[in-house]
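Working notes, structure below.
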Amino acid sequence: MRLIIYTGKGGTGKTVTSCCTAIKLAEKEYRTLVVSSDPAHTLGDAFKLSDHNKQDSIESNKHDSIESSQMRKISPNLHALQVDPIIEIKEQYSDILTYMASIFSSRGVDEPLAYEIAMMPGMTQLFSLLKIEQLIHTKAYDAIVLDMPASGEALRYLYFPKLAGAIGKKLSGLMGAFSGFSKMFQAFSGISLPNGVLQYEQELFDRLDILSDIIRDNNVTSLRLVANPDSFSIENAKRALMSASLYGINVDLAVVNKIIPSSALGENSGEYFTKLTEFQQTKLEEARANFYPLPIKEVPLHSVELAGVEMLRSNANLMFGDSDPADIYYQGKPFSIVQQDSNRLQFAVKVPFTTEKDLEITRFGSEVILKIRSATGYIVNVIPLPVITYNMEILEATVNNNVLDIIFEKN
Ligand SMILES: Nc1ncnc2c1ncn2[C@@H]1O[C@H](COP(=O)(O)OP(=O)(O)O)[C@@H](O)[C@H]1O
Ligand SMILES: [Mg+2]
């Protein structure tokens, strides 16, 4: 079983890359599911599904153990699932939500506001992930490709389960131990704990735990980064790489999508187009340096919008050729943190440079910027710093054997 998650900045091509990967996996005869929880019906758009074949696919999917009108059959081995977070919350969370809202409203908060407060940030994301846990449980698929909307924050909720699970278990364990809890609670709020809420909560945390184990199992889950040849999307993906490294989630591939091919340049291209292409080549070089040591797939910008099964399939061939998208393309930790003592911390990052000679190292807020001169100008390597270093200073920074070692000290 493989869980492949694509993440990156909006518009970089996560959805189409997920679809291409899924098409290739299905060709390789994996029973494949591609899942998106984007609010817009992006999978339908990418595959160019009409509402007409929606009816057919619902009919043919009646036997599926996950009942959902959003499950569509694309080809014999390939299904696409558009998760509706609102439906998921309604089905999986509404008892707890109502209960929490009732606590707040008993404290004098208006009911609409009480619901807003009770809805914790990231809940919609979390329930999309819980859907994955449910799907894995059915054992109906060999490969699940997850298209994760807007990286950064969303990615955080991948790590959330373990923490929320651990805290929640303690809490609900405590609550359970209080046999008279609901009575006591009733006494001061006037609201009794609805039947089954505790039991349900416990189940929820158990599922979160399972989900977290799946995601941090490097033989099952791979996170893949999607960026374009521009600084913002590269930086965004780089931060995701750093966080994933720290949390023990394996990142095995970076996709740089929408590269204008040099072959598109002709004698009559004009200055604007030539400049843009050159700029992209610089950014591509920057991406290679920034995603080191991950393997990179470089995908051209097509002359028309990438959509529809046929076009996705030919793009999948460009990306993967004969190789198997279920392979683990890289395993390792590009970042690591070692606490040397209570004041000192060693932050090690794999970099594509062998020595710090000719390398300019500057800290800029929550990042360290490495600049190295290249034939075309400077190559910039952005090193996103972990939160723990925010109140620390850099004592020294050295590069040895493709590892940048930064020693931080508390000030
Ligand atoms: N390599 C490409 N060539 C041409 N169009 C592309 C390419 N990659 C993505 N697109 C188009 O760019 C838009 C955004 O892609 P999408 O996969 O929806 O991004 P995301 O899911 O990251 O927001 C879509 O219209 C898609 O068809
Ligand atoms: Mg998308």
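We label chains A, B, ... in the order they appear in the structure tokens, count residues from 1 in each chain, and number ligands from 1 in the order shown.
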Select the residues contacting ligand 1 at a distance of at most 10 Å, based on only C-alpha atoms and all ligand atoms, then format the selection as a compact mmCIF listing (two decimals) with N, CA, C and O atoms, in the first residue's frame.
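And here's selection-v8.txt as it stands now:
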```
# COMPACT_ATOMS: atom_id res chain seq x y z
N TYR A 6 0.80 15.03 -2.76
CA TYR A 6 1.40 16.17 -3.45
C TYR A 6 1.02 17.46 -2.74
O TYR A 6 -0.15 17.68 -2.42
N THR A 7 2.03 18.29 -2.48
CA THR A 7 1.74 19.57 -1.85
C THR A 7 2.55 20.67 -2.51
O THR A 7 3.56 20.41 -3.18
N GLY A 8 2.13 21.89 -2.35
CA GLY A 8 2.82 23.03 -2.96
C GLY A 8 1.87 24.21 -3.01
O GLY A 8 0.70 24.11 -2.63
N LYS A 9 2.39 25.32 -3.47
CA LYS A 9 1.60 26.55 -3.54
C LYS A 9 0.44 26.39 -4.53
O LYS A 9 0.53 25.59 -5.46
N GLY A 10 -0.62 27.16 -4.31
CA GLY A 10 -1.78 27.09 -5.20
C GLY A 10 -1.40 27.41 -6.64
O GLY A 10 -0.59 28.30 -6.88
N GLY A 11 -1.96 26.67 -7.57
CA GLY A 11 -1.75 26.95 -8.99
C GLY A 11 -0.49 26.35 -9.59
O GLY A 11 -0.26 26.45 -10.79
N THR A 12 0.35 25.72 -8.75
CA THR A 12 1.60 25.17 -9.27
C THR A 12 1.37 23.91 -10.11
O THR A 12 2.19 23.57 -10.96
N GLY A 13 0.25 23.24 -9.85
CA GLY A 13 -0.06 22.03 -10.61
C GLY A 13 -0.20 20.78 -9.76
O GLY A 13 0.02 19.67 -10.25
N LYS A 14 -0.57 20.93 -8.50
CA LYS A 14 -0.75 19.77 -7.62
C LYS A 14 -1.83 18.83 -8.14
O LYS A 14 -1.64 17.62 -8.17
N THR A 15 -2.96 19.43 -8.52
CA THR A 15 -4.08 18.58 -8.93
C THR A 15 -3.73 17.80 -10.20
O THR A 15 -3.91 16.58 -10.24
N VAL A 16 -3.20 18.49 -11.20
CA VAL A 16 -2.89 17.76 -12.44
C VAL A 16 -1.77 16.74 -12.22
O VAL A 16 -1.81 15.64 -12.77
N THR A 17 -0.78 17.09 -11.38
CA THR A 17 0.30 16.15 -11.11
C THR A 17 -0.24 14.92 -10.38
O THR A 17 0.17 13.79 -10.66
N SER A 18 -1.17 15.13 -9.45
CA SER A 18 -1.80 14.00 -8.75
C SER A 18 -2.53 13.11 -9.75
O SER A 18 -2.42 11.88 -9.69
N CYS A 19 -3.26 13.73 -10.66
CA CYS A 19 -4.02 12.96 -11.64
C CYS A 19 -3.08 12.18 -12.57
O CYS A 19 -3.33 11.01 -12.86
N CYS A 20 -1.99 12.83 -13.02
CA CYS A 20 -1.02 12.15 -13.89
C CYS A 20 -0.43 10.94 -13.17
O CYS A 20 -0.30 9.86 -13.76
N SER A 36 -9.03 14.41 -3.72
CA SER A 36 -8.81 15.83 -3.52
C SER A 36 -9.85 16.38 -2.57
O SER A 36 -11.00 15.96 -2.58
N ASP A 38 -9.98 19.81 -2.29
CA ASP A 38 -10.11 21.21 -2.72
C ASP A 38 -11.58 21.57 -2.78
O ASP A 38 -12.38 20.78 -3.26
N ALA A 40 -13.16 23.68 -4.67
CA ALA A 40 -13.65 23.66 -6.05
C ALA A 40 -13.54 22.21 -6.55
O ALA A 40 -12.70 21.46 -6.09
N THR A 42 -12.08 20.25 -8.36
CA THR A 42 -10.91 20.29 -9.23
C THR A 42 -10.64 18.99 -9.97
O THR A 42 -10.17 19.01 -11.09
N LEU A 43 -10.92 17.85 -9.32
CA LEU A 43 -10.65 16.59 -10.01
C LEU A 43 -11.53 16.47 -11.24
O LEU A 43 -11.08 16.05 -12.30
N ASP A 45 -12.68 18.84 -13.01
CA ASP A 45 -12.14 19.74 -14.03
C ASP A 45 -10.92 19.13 -14.71
O ASP A 45 -10.80 19.17 -15.92
N ALA A 46 -10.01 18.59 -13.90
CA ALA A 46 -8.77 18.06 -14.45
C ALA A 46 -9.05 16.89 -15.40
O ALA A 46 -8.49 16.82 -16.49
N PHE A 47 -9.94 16.00 -14.99
CA PHE A 47 -10.26 14.84 -15.84
C PHE A 47 -11.31 15.20 -16.89
O PHE A 47 -11.68 14.38 -17.70
N ASP A 147 -4.18 14.88 -3.23
CA ASP A 147 -3.89 16.23 -3.71
C ASP A 147 -4.19 17.17 -2.54
O ASP A 147 -5.34 17.35 -2.16
N MET A 148 -3.13 17.71 -1.92
CA MET A 148 -3.32 18.53 -0.72
C MET A 148 -3.42 20.00 -1.05
O MET A 148 -2.44 20.58 -1.53
N PRO A 149 -4.54 20.62 -0.82
CA PRO A 149 -4.65 22.03 -1.15
C PRO A 149 -3.68 22.87 -0.33
O PRO A 149 -3.30 22.49 0.78
N ALA A 150 -3.29 24.00 -0.90
CA ALA A 150 -2.38 24.99 -0.31
C ALA A 150 -1.49 24.46 0.81
O ALA A 150 -1.96 24.20 1.91
N SER A 151 -0.23 24.35 0.52
CA SER A 151 0.72 23.65 1.43
C SER A 151 0.85 24.30 2.81
O SER A 151 -0.14 24.56 3.45
N VAL A 226 5.48 20.20 -5.23
CA VAL A 226 5.24 20.74 -6.57
C VAL A 226 5.55 22.24 -6.54
O VAL A 226 5.07 22.97 -5.68
N ALA A 227 6.41 22.67 -7.45
CA ALA A 227 6.75 24.09 -7.55
C ALA A 227 6.82 24.48 -9.02
O ALA A 227 6.78 23.63 -9.90
N ASN A 228 6.90 25.75 -9.27
CA ASN A 228 7.10 26.29 -10.61
C ASN A 228 8.45 26.99 -10.62
O ASN A 228 9.03 27.23 -9.56
N VAL A 256 9.13 20.20 -10.67
CA VAL A 256 9.13 21.59 -11.10
C VAL A 256 8.32 21.63 -12.40
O VAL A 256 8.72 21.10 -13.42
N ASN A 257 7.17 22.24 -12.28
CA ASN A 257 6.17 22.20 -13.36
C ASN A 257 6.11 23.55 -14.07
O ASN A 257 6.48 24.57 -13.52
N LYS A 258 5.60 23.52 -15.28
CA LYS A 258 5.36 24.75 -16.07
C LYS A 258 6.65 25.43 -16.49
O LYS A 258 6.78 26.65 -16.38
N ILE A 259 7.61 24.65 -16.95
CA ILE A 259 8.86 25.23 -17.45
C ILE A 259 8.71 25.47 -18.96
O ILE A 259 8.40 24.53 -19.71
N ILE A 260 8.91 26.69 -19.38
CA ILE A 260 8.87 26.97 -20.82
C ILE A 260 10.08 26.27 -21.44
O ILE A 260 11.22 26.55 -21.05
N GLU A 298 11.23 17.50 -14.06
CA GLU A 298 10.98 18.79 -14.70
C GLU A 298 9.91 18.62 -15.76
O GLU A 298 10.03 17.76 -16.64
N VAL A 299 8.87 19.41 -15.65
CA VAL A 299 7.71 19.24 -16.53
C VAL A 299 7.48 20.52 -17.33
O VAL A 299 7.44 21.61 -16.76
N PRO A 300 7.36 20.39 -18.64
CA PRO A 300 7.21 21.60 -19.47
C PRO A 300 5.83 22.24 -19.33
O PRO A 300 4.85 21.57 -19.01
N LEU A 301 5.79 23.53 -19.58
CA LEU A 301 4.52 24.24 -19.69
C LEU A 301 3.96 23.94 -21.08
O LEU A 301 4.62 24.18 -22.09
N HIS A 302 2.76 23.39 -21.11
CA HIS A 302 2.17 23.07 -22.41
C HIS A 302 1.52 24.32 -22.99
O HIS A 302 1.20 25.26 -22.27
N SER A 303 1.30 24.27 -24.29
CA SER A 303 0.78 25.48 -24.94
C SER A 303 -0.71 25.66 -24.70
O SER A 303 -1.27 26.72 -24.94
N VAL A 304 -1.37 24.60 -24.17
CA VAL A 304 -2.76 24.74 -23.75
C VAL A 304 -2.90 24.16 -22.34
O VAL A 304 -2.03 23.44 -21.88
N GLU A 305 -3.98 24.53 -21.68
CA GLU A 305 -4.23 24.07 -20.32
C GLU A 305 -4.16 22.54 -20.24
O GLU A 305 -4.75 21.83 -21.06
N LEU A 306 -3.45 22.07 -19.24
CA LEU A 306 -3.29 20.62 -19.06
C LEU A 306 -4.55 20.06 -18.41
O LEU A 306 -4.80 20.29 -17.23
N ALA A 307 -5.34 19.33 -19.18
CA ALA A 307 -6.59 18.76 -18.65
C ALA A 307 -7.09 17.66 -19.58
O ALA A 307 -6.69 17.59 -20.75
N GLY A 308 -7.93 16.81 -19.05
CA GLY A 308 -8.50 15.71 -19.82
C GLY A 308 -7.61 14.48 -19.75
O GLY A 308 -6.38 14.60 -19.68
N MET A 311 -4.60 14.07 -22.35
CA MET A 311 -3.46 14.97 -22.16
C MET A 311 -2.73 14.67 -20.84
O MET A 311 -1.49 14.72 -20.79
N LEU A 312 -3.51 14.30 -19.82
CA LEU A 312 -2.87 13.94 -18.55
C LEU A 312 -2.02 12.69 -18.73
O LEU A 312 -0.92 12.60 -18.18
N ASN A 315 1.18 13.59 -20.45
CA ASN A 315 2.05 14.30 -19.50
C ASN A 315 2.64 13.32 -18.47
O ASN A 315 3.80 13.45 -18.06
```
message: List the spatial neighbours of A:Ile89 as a PyMOL selection string - criterion: any atom at most 9 Å away, only C-alpha atoms, same-chain residues fewer than 3 positions off excluded.
response: chain A and resi 84-86+92-94+97+123-124+127-128
- prompt: Which neighbours of A:Glu133 fall inside 10 Å, counting only C-alpha atoms, when residues of the same chain fewer than 2 positions from it are skipped, and could you give them as a PyMOL selection string?
  reply: chain A and resi 127-131+135-138+207-212+214-215
Same residues, all heavy atoms, saved as a tab-separated table (two decimals), in the first residue's frame:
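again-v2.tsv written:
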```
chain	number	residue	atom	x	y	z
A	127	PHE	N	-10.47	16.38	8.62
A	127	PHE	CA	-11.48	15.39	8.28
A	127	PHE	C	-11.30	14.82	6.88
A	127	PHE	O	-11.68	13.69	6.62
A	127	PHE	CB	-12.89	15.93	8.54
A	127	PHE	CG	-13.18	15.84	10.01
A	127	PHE	CD1	-12.90	16.89	10.85
A	127	PHE	CD2	-13.61	14.64	10.56
A	127	PHE	CE1	-13.10	16.78	12.21
A	127	PHE	CE2	-13.80	14.52	11.92
A	127	PHE	CZ	-13.54	15.59	12.75
A	128	SER	N	-10.66	15.59	6.03
A	128	SER	CA	-10.31	15.03	4.72
A	128	SER	C	-9.26	13.94	4.92
A	128	SER	O	-9.28	12.91	4.26
A	128	SER	CB	-9.76	16.11	3.81
A	128	SER	OG	-10.70	17.15	3.69
A	129	LEU	N	-8.34	14.18	5.85
A	129	LEU	CA	-7.30	13.18	6.12
A	129	LEU	C	-7.90	11.94	6.78
A	129	LEU	O	-7.48	10.82	6.50
A	129	LEU	CB	-6.22	13.78	7.03
A	129	LEU	CG	-5.26	14.75	6.34
A	129	LEU	CD1	-4.39	15.45	7.36
A	129	LEU	CD2	-4.39	14.01	5.34
A	130	LEU	N	-8.87	12.17	7.64
A	130	LEU	CA	-9.51	11.02	8.29
A	130	LEU	C	-10.24	10.16	7.27
A	130	LEU	O	-10.36	8.95	7.43
A	130	LEU	CB	-10.46	11.49	9.38
A	130	LEU	CG	-9.75	11.85	10.68
A	130	LEU	CD1	-10.68	12.58	11.63
A	130	LEU	CD2	-9.17	10.60	11.35
A	131	LYS	N	-10.71	10.80	6.21
A	131	LYS	CA	-11.33	10.05	5.12
A	131	LYS	C	-10.31	9.06	4.53
A	131	LYS	O	-10.64	7.94	4.19
A	131	LYS	CB	-11.82	11.04	4.05
A	131	LYS	CG	-12.61	10.41	2.95
A	131	LYS	CD	-14.02	10.19	3.41
A	131	LYS	CE	-14.85	9.48	2.37
A	131	LYS	NZ	-16.21	9.25	2.89
A	135	LEU	N	-10.44	5.06	4.05
A	135	LEU	CA	-10.24	4.41	2.75
A	135	LEU	C	-9.16	3.34	2.82
A	135	LEU	O	-9.28	2.28	2.23
A	135	LEU	CB	-9.86	5.45	1.70
A	135	LEU	CG	-11.00	6.38	1.28
A	135	LEU	CD1	-10.46	7.63	0.62
A	135	LEU	CD2	-11.95	5.64	0.35
A	136	ILE	N	-8.08	3.64	3.56
A	136	ILE	CA	-7.00	2.67	3.70
A	136	ILE	C	-7.52	1.44	4.43
A	136	ILE	O	-7.19	0.30	4.08
A	136	ILE	CB	-5.80	3.30	4.45
A	136	ILE	CG1	-5.13	4.34	3.54
A	136	ILE	CG2	-4.79	2.24	4.88
A	136	ILE	CD1	-4.03	5.14	4.20
A	137	HIS	N	-8.38	1.68	5.39
A	137	HIS	CA	-8.98	0.62	6.18
A	137	HIS	C	-9.73	-0.39	5.32
A	137	HIS	O	-9.74	-1.58	5.62
A	137	HIS	CB	-9.94	1.26	7.20
A	137	HIS	CG	-10.08	0.46	8.44
A	137	HIS	ND1	-9.06	0.35	9.35
A	137	HIS	CD2	-11.11	-0.27	8.92
A	137	HIS	CE1	-9.46	-0.41	10.34
A	137	HIS	NE2	-10.70	-0.80	10.11
A	138	THR	N	-10.34	0.07	4.24
A	138	THR	CA	-11.12	-0.83	3.38
A	138	THR	C	-10.22	-1.79	2.59
A	138	THR	O	-10.70	-2.77	2.04
A	138	THR	CB	-11.97	-0.05	2.34
A	138	THR	OG1	-11.07	0.61	1.43
A	138	THR	CG2	-12.87	0.98	3.01
A	207	ARG	N	-8.35	6.79	15.70
A	207	ARG	CA	-8.20	6.89	14.24
A	207	ARG	C	-7.11	7.90	13.87
A	207	ARG	O	-6.35	7.69	12.93
A	207	ARG	CB	-9.53	7.29	13.60
A	207	ARG	CG	-10.57	6.19	13.65
A	207	ARG	CD	-11.87	6.63	13.02
A	207	ARG	NE	-11.65	7.10	11.66
A	207	ARG	CZ	-12.44	7.99	11.05
A	207	ARG	NH1	-13.47	8.49	11.68
A	207	ARG	NH2	-12.19	8.35	9.82
A	208	LEU	N	-7.04	8.99	14.60
A	208	LEU	CA	-6.00	10.00	14.36
A	208	LEU	C	-4.62	9.38	14.56
A	208	LEU	O	-3.69	9.64	13.79
A	208	LEU	CB	-6.16	11.18	15.32
A	208	LEU	CG	-7.25	12.18	14.99
A	208	LEU	CD1	-7.44	13.15	16.14
A	208	LEU	CD2	-6.92	12.94	13.72
A	209	ASP	N	-4.51	8.56	15.56
A	209	ASP	CA	-3.26	7.89	15.86
A	209	ASP	C	-2.83	6.99	14.71
A	209	ASP	O	-1.68	6.99	14.29
A	209	ASP	CB	-3.45	7.04	17.13
A	209	ASP	CG	-2.44	7.42	18.18
A	209	ASP	OD1	-1.79	8.46	18.01
A	209	ASP	OD2	-2.31	6.67	19.16
A	210	ILE	N	-3.80	6.21	14.23
A	210	ILE	CA	-3.52	5.30	13.11
A	210	ILE	C	-3.09	6.10	11.89
A	210	ILE	O	-2.10	5.79	11.23
A	210	ILE	CB	-4.78	4.45	12.77
A	210	ILE	CG1	-5.12	3.53	13.95
A	210	ILE	CG2	-4.57	3.64	11.50
A	210	ILE	CD1	-6.49	2.87	13.83
A	211	LEU	N	-3.82	7.16	11.62
A	211	LEU	CA	-3.52	8.02	10.48
A	211	LEU	C	-2.10	8.56	10.57
A	211	LEU	O	-1.34	8.54	9.60
A	211	LEU	CB	-4.52	9.17	10.43
A	211	LEU	CG	-4.32	10.20	9.32
A	211	LEU	CD1	-4.60	9.58	7.97
A	211	LEU	CD2	-5.22	11.40	9.54
A	212	SER	N	-1.74	9.03	11.75
A	212	SER	CA	-0.42	9.60	11.94
A	212	SER	C	0.68	8.55	11.71
A	212	SER	O	1.71	8.84	11.11
A	212	SER	CB	-0.33	10.17	13.35
A	212	SER	OG	0.96	10.60	13.60
A	214	ILE	N	0.48	5.98	9.76
A	214	ILE	CA	0.54	5.72	8.31
A	214	ILE	C	1.37	6.80	7.63
A	214	ILE	O	2.25	6.53	6.83
A	214	ILE	CB	-0.89	5.72	7.70
A	214	ILE	CG1	-1.69	4.53	8.21
A	214	ILE	CG2	-0.82	5.70	6.17
A	214	ILE	CD1	-3.18	4.61	7.90
A	215	ILE	N	1.10	8.04	8.02
A	215	ILE	CA	1.75	9.16	7.35
A	215	ILE	C	3.24	9.20	7.66
A	215	ILE	O	4.04	9.61	6.84
A	215	ILE	CB	1.04	10.48	7.71
A	215	ILE	CG1	-0.31	10.52	6.97
A	215	ILE	CG2	1.87	11.69	7.31
A	215	ILE	CD1	-1.23	11.60	7.41
```
message: Need to verify the contact set: A:Asn401, 12 Å, only C-alpha atoms, exclusion of same-chain residues closer than 6 positions in sequence. Can you return it as an NGL selection string?
response: :A and (348-356)
message: For a quick check of understanding, using only C-alpha atoms and all ligand atoms, which of A:Leu146, A:Val251, A:Ile117, A:Leu25 has the smallest distance to ligand 2?
response: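 Of all the options, A:Leu146 lies closest to ligand 2.
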message: For a test of reading the model, state the distance in Å between atom CA of A:Asn391 and atom CA of A:Gly248, rounded to one decimal.
response: 23.7 Å
